[in-house]
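Text of coords.txt, listed as compact mmCIF, C-alpha atoms:
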```txt
# COMPACT_ATOMS: atom_id res chain seq x y z
CA MET P 22 125.52 117.09 133.43
CA GLY P 23 124.45 113.70 132.17
CA ASP P 24 120.81 112.72 132.41
CA CYS P 25 119.66 115.47 134.78
CA LYS P 26 116.28 116.91 133.86
CA CYS P 27 117.65 120.44 133.50
CA CYS P 28 119.73 119.37 130.48
CA VAL P 29 116.87 117.85 128.54
CA GLY P 30 115.12 121.08 127.56
CA ALA P 31 118.00 122.36 125.43
CA ASP P 32 119.33 120.69 122.29
CA TRP P 33 121.97 118.70 124.11
CA LEU P 34 122.96 116.97 120.86
CA SER P 35 123.82 120.20 119.06
CA GLY P 36 127.18 120.06 117.30
CA LYS P 37 128.33 116.85 118.95
CA THR P 38 130.52 114.23 117.32
CA VAL P 39 128.59 110.95 117.20
CA ILE P 40 129.57 107.39 116.25
CA VAL P 41 126.72 105.42 114.67
CA THR P 42 127.16 101.76 113.80
CA GLY P 43 125.11 100.16 111.05
CA ALA P 44 124.92 103.62 109.49
CA SER P 45 124.82 102.57 105.84
CA GLY P 46 121.08 101.86 105.72
CA GLY P 47 117.80 101.41 107.56
CA MET P 48 117.44 102.91 111.03
CA GLY P 49 121.16 103.63 111.33
CA ALA P 50 121.15 105.81 108.23
CA GLY P 51 117.98 107.54 109.41
CA ILE P 52 119.47 108.26 112.83
CA ALA P 53 122.71 109.54 111.28
CA ALA P 54 120.85 111.80 108.83
CA THR P 55 118.69 113.27 111.61
CA LEU P 56 121.71 113.95 113.82
CA ILE P 57 123.38 115.78 110.94
CA LYS P 58 120.45 117.72 109.52
CA LYS P 59 118.52 118.56 112.70
CA HIS P 60 121.25 118.81 115.30
CA GLY P 61 124.31 119.85 113.30
CA CYS P 62 126.26 116.82 114.50
CA ARG P 63 129.39 115.42 112.97
CA VAL P 64 128.70 111.72 112.45
CA VAL P 65 131.23 108.95 111.98
CA GLY P 66 129.35 106.05 110.47
CA VAL P 67 130.47 102.44 110.79
CA ALA P 68 129.46 99.64 108.45
CA ARG P 69 130.95 97.08 106.07
CA SER P 70 129.52 98.11 102.70
CA GLU P 71 131.30 101.02 101.06
CA ALA P 72 128.78 101.06 98.22
CA LYS P 73 125.96 101.66 100.72
CA MET P 74 127.97 104.33 102.49
CA ILE P 75 128.60 106.18 99.24
CA LYS P 76 124.89 105.97 98.41
CA PHE P 77 124.05 107.41 101.84
CA ILE P 78 126.43 110.33 101.28
CA GLU P 79 124.80 111.01 97.91
CA GLU P 80 121.39 111.03 99.59
CA LEU P 81 122.66 113.47 102.22
CA GLY P 82 123.60 115.89 99.47
CA PRO P 83 126.50 118.36 99.28
CA THR P 84 125.07 120.61 102.00
CA TYR P 85 125.48 117.94 104.68
CA ALA P 86 128.04 115.50 103.26
CA GLU P 87 130.98 117.27 104.95
CA GLN P 88 129.49 116.45 108.34
CA PHE P 89 129.69 112.71 107.66
CA SER P 90 132.67 110.39 107.44
CA TYR P 91 132.83 106.63 107.70
CA LYS P 92 134.96 103.64 108.60
CA LEU P 93 134.51 100.17 107.19
CA PHE P 94 135.01 97.27 109.57
CA ASP P 95 133.35 94.25 111.18
CA VAL P 96 131.99 95.47 114.53
CA SER P 97 132.04 91.95 115.98
CA VAL P 98 135.88 91.94 116.18
CA LYS P 99 137.42 93.58 119.27
CA GLU P 100 140.66 94.54 117.56
CA ASN P 101 138.72 96.46 114.90
CA TRP P 102 137.28 98.72 117.59
CA GLU P 103 140.71 99.32 119.07
CA ASN P 104 142.13 100.22 115.65
CA PHE P 105 139.12 102.47 115.00
CA ALA P 106 139.75 104.37 118.24
CA LYS P 107 143.41 104.87 117.31
CA GLU P 108 142.46 106.17 113.87
CA LEU P 109 140.02 108.69 115.33
CA GLU P 110 142.64 109.83 117.84
CA GLU P 111 145.19 110.32 115.07
CA GLU P 112 142.63 112.33 113.10
CA GLY P 113 141.78 114.48 116.11
CA ILE P 114 138.18 113.26 116.21
CA VAL P 115 136.78 113.03 119.75
CA PRO P 116 133.28 111.50 120.00
CA SER P 117 130.77 112.51 122.67
CA VAL P 118 128.04 110.03 121.77
CA LEU P 119 128.05 106.36 120.76
CA VAL P 120 124.99 104.87 119.07
CA ASN P 121 125.24 101.07 118.80
CA ASN P 122 122.73 100.23 116.09
CA ALA P 123 124.33 97.42 114.08
CA GLY P 124 122.57 94.06 114.36
CA ILE P 125 121.42 90.97 112.52
CA LEU P 126 118.31 88.80 112.65
CA PRO P 127 119.24 85.12 112.25
CA LYS P 128 116.83 82.90 110.38
CA PHE P 129 113.86 81.76 112.42
CA LYS P 130 114.85 78.23 113.52
CA ARG P 131 114.33 75.75 116.28
CA PHE P 132 117.47 75.87 118.42
CA ASP P 133 118.83 72.45 117.47
CA ARG P 134 118.94 73.57 113.83
CA TYR P 135 121.39 76.40 114.44
CA SER P 136 125.05 75.81 113.64
CA TYR P 137 127.72 77.05 116.02
CA ASP P 138 128.74 79.58 113.38
CA GLU P 139 125.21 81.02 113.35
CA ILE P 140 125.11 81.11 117.15
CA GLU P 141 128.45 82.88 117.44
CA LYS P 142 127.60 85.35 114.67
CA ALA P 143 124.38 86.39 116.40
CA MET P 144 126.02 86.85 119.80
CA ASN P 145 129.09 88.59 118.39
CA ILE P 146 127.24 91.15 116.26
CA ASN P 147 124.20 91.79 118.44
CA PHE P 148 125.90 91.80 121.84
CA TYR P 149 129.68 91.71 121.83
CA SER P 150 129.99 94.46 119.21
CA CYS P 151 128.16 96.81 121.60
CA LEU P 152 130.26 95.68 124.53
CA TYR P 153 133.46 96.27 122.54
CA GLY P 154 132.29 99.71 121.44
CA VAL P 155 131.40 100.78 124.96
CA LYS P 156 134.57 99.33 126.50
CA THR P 157 136.74 101.03 123.88
CA PHE P 158 135.17 104.48 123.88
CA LEU P 159 133.85 104.87 127.44
CA PRO P 160 137.06 106.51 128.75
CA VAL P 161 136.94 109.06 125.92
CA LEU P 162 133.20 109.71 126.26
CA LEU P 163 133.54 110.43 129.97
CA THR P 164 135.97 113.29 129.24
CA GLN P 165 133.34 115.07 127.13
CA GLU P 166 130.56 117.42 128.15
CA ASP P 167 127.18 115.70 128.36
CA PRO P 168 128.22 112.32 126.85
CA ALA P 169 125.90 109.48 125.93
CA ILE P 170 125.61 105.84 124.94
CA ILE P 171 122.49 104.69 123.11
CA ASN P 172 122.07 100.98 122.46
CA VAL P 173 119.47 100.03 119.86
CA ASP P 174 118.14 96.70 121.08
CA SER P 175 114.94 94.87 120.08
CA SER P 176 111.49 93.85 121.26
CA ALA P 177 113.02 90.35 121.33
CA ALA P 178 114.71 91.44 124.58
CA LEU P 179 111.24 91.88 126.10
CA MET P 180 109.72 88.55 125.09
CA THR P 181 111.23 85.43 123.52
CA LEU P 182 109.32 83.74 120.72
CA ALA P 183 109.72 80.30 119.19
CA GLY P 184 112.48 80.36 116.58
CA THR P 185 114.28 83.34 118.09
CA SER P 186 116.41 81.68 120.76
CA MET P 187 119.73 83.13 119.62
CA TYR P 188 118.39 86.51 118.55
CA SER P 189 116.48 86.93 121.81
CA ALA P 190 119.44 85.74 123.88
CA SER P 191 121.77 88.25 122.25
CA LYS P 192 119.27 91.08 122.64
CA ALA P 193 118.41 90.16 126.24
CA ALA P 194 122.13 90.29 127.05
CA LEU P 195 122.33 93.76 125.50
CA LYS P 196 119.32 94.92 127.52
CA SER P 197 120.82 93.75 130.82
CA PHE P 198 124.20 95.24 129.94
CA THR P 199 122.66 98.61 129.10
CA GLU P 200 120.52 98.68 132.24
CA ALA P 201 123.65 98.11 134.33
CA LEU P 202 125.47 100.93 132.52
CA ARG P 203 122.50 103.22 133.18
CA VAL P 204 122.74 102.88 136.96
CA GLU P 205 126.54 102.63 137.14
CA PHE P 206 127.04 105.89 135.25
CA LYS P 207 123.96 107.77 136.44
CA GLY P 208 124.75 111.47 136.70
CA LYS P 209 127.87 111.03 134.57
CA MET P 210 126.30 110.29 131.20
CA TYR P 211 123.01 109.55 129.48
CA VAL P 212 122.49 105.87 128.73
CA GLY P 213 119.53 105.04 126.51
CA LEU P 214 118.00 101.69 125.60
CA VAL P 215 115.81 101.38 122.51
CA CYS P 216 113.61 98.31 121.98
CA PRO P 217 111.94 98.68 118.57
CA GLY P 218 109.57 96.12 117.15
CA PHE P 219 109.76 94.79 113.60
CA THR P 220 110.69 97.62 111.25
CA LYS P 221 110.56 97.83 107.48
CA THR P 222 114.28 97.57 106.77
CA ASP P 223 116.44 94.95 105.08
CA ILE P 224 116.94 93.05 108.36
CA PHE P 225 114.93 90.19 106.83
CA ARG P 226 117.47 89.80 104.02
CA ASP P 227 118.79 86.55 105.51
CA GLN P 228 115.35 85.03 106.01
CA LYS P 229 113.97 82.29 103.78
CA ASN P 230 111.11 84.34 102.44
CA ASP P 231 109.74 84.20 98.90
CA GLY P 232 108.26 87.68 99.12
CA GLY P 233 104.73 86.29 99.12
CA LYS P 234 102.53 85.49 102.09
CA GLY P 235 105.39 85.67 104.56
CA GLN P 236 106.45 89.11 103.41
CA LYS P 237 102.88 90.39 103.58
CA VAL P 238 102.53 89.16 107.16
CA MET P 239 105.78 90.85 108.20
CA ASP P 240 104.78 94.09 106.47
CA MET P 241 101.47 94.09 108.38
CA ILE P 242 103.17 94.06 111.78
CA SER P 243 106.24 96.13 110.88
CA THR P 244 106.60 99.86 111.51
CA ASP P 245 107.66 102.20 108.72
CA CYS P 246 111.40 102.89 109.01
CA ASP P 247 111.11 106.69 108.82
CA LEU P 248 108.45 106.69 111.55
CA MET P 249 110.58 104.43 113.73
CA VAL P 250 113.56 106.76 113.33
CA LYS P 251 111.42 109.75 114.32
CA MET P 252 110.21 107.99 117.47
CA ILE P 253 113.73 106.88 118.39
CA MET P 254 115.19 110.34 117.85
CA PHE P 255 112.41 111.95 119.92
CA GLY P 256 113.34 109.65 122.79
CA ILE P 257 117.05 110.38 122.44
CA GLU P 258 116.43 114.14 122.22
CA HIS P 259 114.51 113.93 125.50
CA LYS P 260 117.00 111.52 127.08
CA ARG P 261 114.49 108.75 127.63
CA PRO P 262 116.23 105.88 129.48
CA MET P 263 113.94 103.20 128.00
CA MET P 264 112.14 103.34 124.66
CA ILE P 265 109.69 100.74 123.34
CA HIS P 266 108.45 101.52 119.84
CA GLY P 267 106.06 99.71 117.53
CA PHE P 268 102.68 98.08 118.13
CA ASP P 269 104.20 94.61 118.28
CA ALA P 270 106.89 95.72 120.74
CA HIS P 271 104.33 97.24 123.11
CA ALA P 272 102.16 94.11 122.87
CA MET P 273 105.13 91.87 123.65
CA SER P 274 106.13 94.05 126.60
CA VAL P 275 102.63 94.03 128.11
CA PHE P 276 101.99 90.31 127.57
CA ASN P 277 105.39 89.36 128.96
CA ARG P 278 104.72 91.30 132.16
CA LEU P 279 101.16 90.05 132.61
CA LEU P 280 101.63 86.51 131.27
CA PRO P 281 105.37 85.73 131.39
CA VAL P 282 104.90 82.08 130.36
CA SER P 283 101.63 81.82 128.45
CA GLY P 284 102.21 85.14 126.67
CA SER P 285 105.18 83.78 124.78
CA GLU P 286 103.27 80.58 124.06
CA LEU P 287 100.35 82.58 122.68
CA PHE P 288 102.50 84.67 120.33
CA SER P 289 104.36 81.56 119.19
CA MET P 290 101.06 79.79 118.51
CA VAL P 291 100.00 82.68 116.28
CA MET P 292 103.26 82.26 114.35
CA LYS P 293 102.55 78.56 113.92
CA VAL P 294 98.95 79.07 112.80
CA ALA P 295 100.13 81.64 110.23
CA ASN P 296 101.66 78.66 108.38
CA ILE P 297 104.16 80.64 106.32
CA ASP P 298 107.52 79.54 104.94
CA LEU P 299 109.32 82.01 107.19
CA PHE P 300 108.67 79.76 110.19
CA ASN P 301 109.10 76.32 108.59
CA ASP P 302 112.38 75.64 110.41
CA VAL P 303 110.69 76.42 113.70
CA PHE P 304 107.59 74.24 113.69
CA LYS P 305 108.02 71.55 111.04
CA ASP P 306 109.98 68.35 111.73
```
If you took the structure in this file and wrote it as structure tokens, what would it be?
Amino acid sequence: MGDCKCCVGADWLSGKTVIVTGASGGMGAGIAATLIKKHGCRVVGVARSEAKMIKFIEELGPTYAEQFSYKLFDVSVKENWENFAKELEEEGIVPSVLVNNAGILPKFKRFDRYSYDEIEKAMNINFYSCLYGVKTFLPVLLTQEDPAIINVDSSAALMTLAGTSMYSASKAALKSFTEALRVEFKGKMYVGLVCPGFTKTDIFRDQKNDGGKGQKVMDMISTDCDLMVKMIMFGIEHKRPMMIHGFDAHAMSVFNRLLPVSGSELFSMVMKVANIDLFNDVFKD
């Protein structure tokens, strides 16, 4: 059971009930669609936008729509998770897998320019939402055959750049939390950690970006969303404990290990030299 090598060869995901947060778009929607279409899973998606959820169901098509249901709530509130668990229990839905994918990217800013509201929002959505999900559903997951928790983190957990203090802090916390779960529940369940680099999704929606030079720079270093989903799903299918995807993520991982201080300074200098509006609140006084 769990992450033993003998279980990896078969389709261990087949027919499982899976919770996916942030399932209304981007990587979350891609992961949910793959679980449904390729593995015959029943997916319970979690997000806040019903319009996006309805659009996702339309894109799934009538053949697969019955395998998807959704709940709308703010994942950063503990009580919402508790209510969600009660609703699933009342409906007779018992999940075997939890995929924590929901997250936000705060605006690139020097730390002193963040408000407490921005700080709390980043920590609550990127870290505490995952903690709440795991704490709430872990007892249920452990009763199931071959259960799993997959936390979608970020390359920001591997290296901190200028302007990403709160994002990196929230993602580093998630990385450490997941690594502890991995060893604490070894042999009892599969725990996967995904650290993707920049991906072409709407995660930049909150950034001050006019769609010009800044957008072009981000597009150059970002991985196509469909490709990212394929790489993530391959890792999950093979129960990889740690997944780093994207050219930028691999570069950050290598530089942080070889040059833990100057590596971050080098990447941050490149951001500064780029001289784009996206980073104005980081480098300009």
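From CA of Asp302 in chain P back to CA of Arg131 in chain P, the distance works out to 6.2 Å.
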Could you give me, as JSON lines, a per-residue list for range 190-295 of chain P showing, wherever an atom lies at most 9 Å from an atom of range 147-166 of chain P, the closest pair of atoms and their distance in Å to one decimal, using only C-alpha atoms and sorting by chain then residue number from low to high?
```
{"residue": "P:Ser191", "atom": "CA", "partner": "P:Phe148", "partner_atom": "CA", "distance": 5.5}
{"residue": "P:Lys192", "atom": "CA", "partner": "P:Asn147", "partner_atom": "CA", "distance": 6.5}
{"residue": "P:Ala193", "atom": "CA", "partner": "P:Phe148", "partner_atom": "CA", "distance": 8.8}
{"residue": "P:Ala194", "atom": "CA", "partner": "P:Phe148", "partner_atom": "CA", "distance": 6.6}
{"residue": "P:Leu195", "atom": "CA", "partner": "P:Phe148", "partner_atom": "CA", "distance": 5.5}
{"residue": "P:Phe198", "atom": "CA", "partner": "P:Leu152", "partner_atom": "CA", "distance": 8.1}
{"residue": "P:Lys209", "atom": "CA", "partner": "P:Leu163", "partner_atom": "CA", "distance": 7.3}
{"residue": "P:Met210", "atom": "CA", "partner": "P:Leu163", "partner_atom": "CA", "distance": 7.3}
```
Env of range 265-274 of chain P: 6 Å cut, atoms = only C-alpha atoms, seq-sep filter 4 positions within chain, self excluded. Answer as a PyMOL selection string.
chain P and resi 176+179-180+216-218
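From CA of Val96 in chain P back to CA of Ala68 in chain P, the distance works out to 7.8 Å.
What separates CA of Leu214 in chain P from CA of Leu119 in chain P is a distance of 12.1 Å.
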Name the residues, using the chain letters and numbers of the file, that sit within 12 Å of (103.5, 83.6, 116.7) when counting only C-alpha atoms, and give them as a PyMOL selection string.
chain P and resi 129+180-185+238-239+242+269+273+284-297+299-300+303-304
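Restricting the calculation to only C-alpha atoms, the smallest distance between Ile114 in chain P and any of P:Val65, P:Ala53, P:Ala44, P:Cys246 is found for P:Val65.
Proximity ranking of P:Val98, P:Thr42, P:Pro168, P:Gly82 relative to Asn122 in chain P places P:Thr42 first, based on all atoms listed in the file.
In terms of minimum interatomic distance to Met264 in chain P, P:Val215 ranks closest within P:Leu248, P:Met241, P:Ala190, P:Val215, counting only C-alpha atoms.
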Using all atoms listed in the file, which residue out of P:Asn277, P:Arg63, P:Lys128, P:Arg261 lies closest to Val41 in chain P?
P:Arg63
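Omitting Val212 in chain P and its sequence neighbours fewer than 2 positions away, and counting all atoms listed in the file, the residues within 7 Å are Ala169, Ile170, Ile171, Leu202, Arg203, Met210, Leu214 and Pro262 of chain P.
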Excluding same-chain residues fewer than 5 positions from range 84-95 of chain P, what lies within 8 Å of it counting only C-alpha atoms, as number ranges by chain?
P: 57-58, 61-71, 74, 78-79, 101, 105
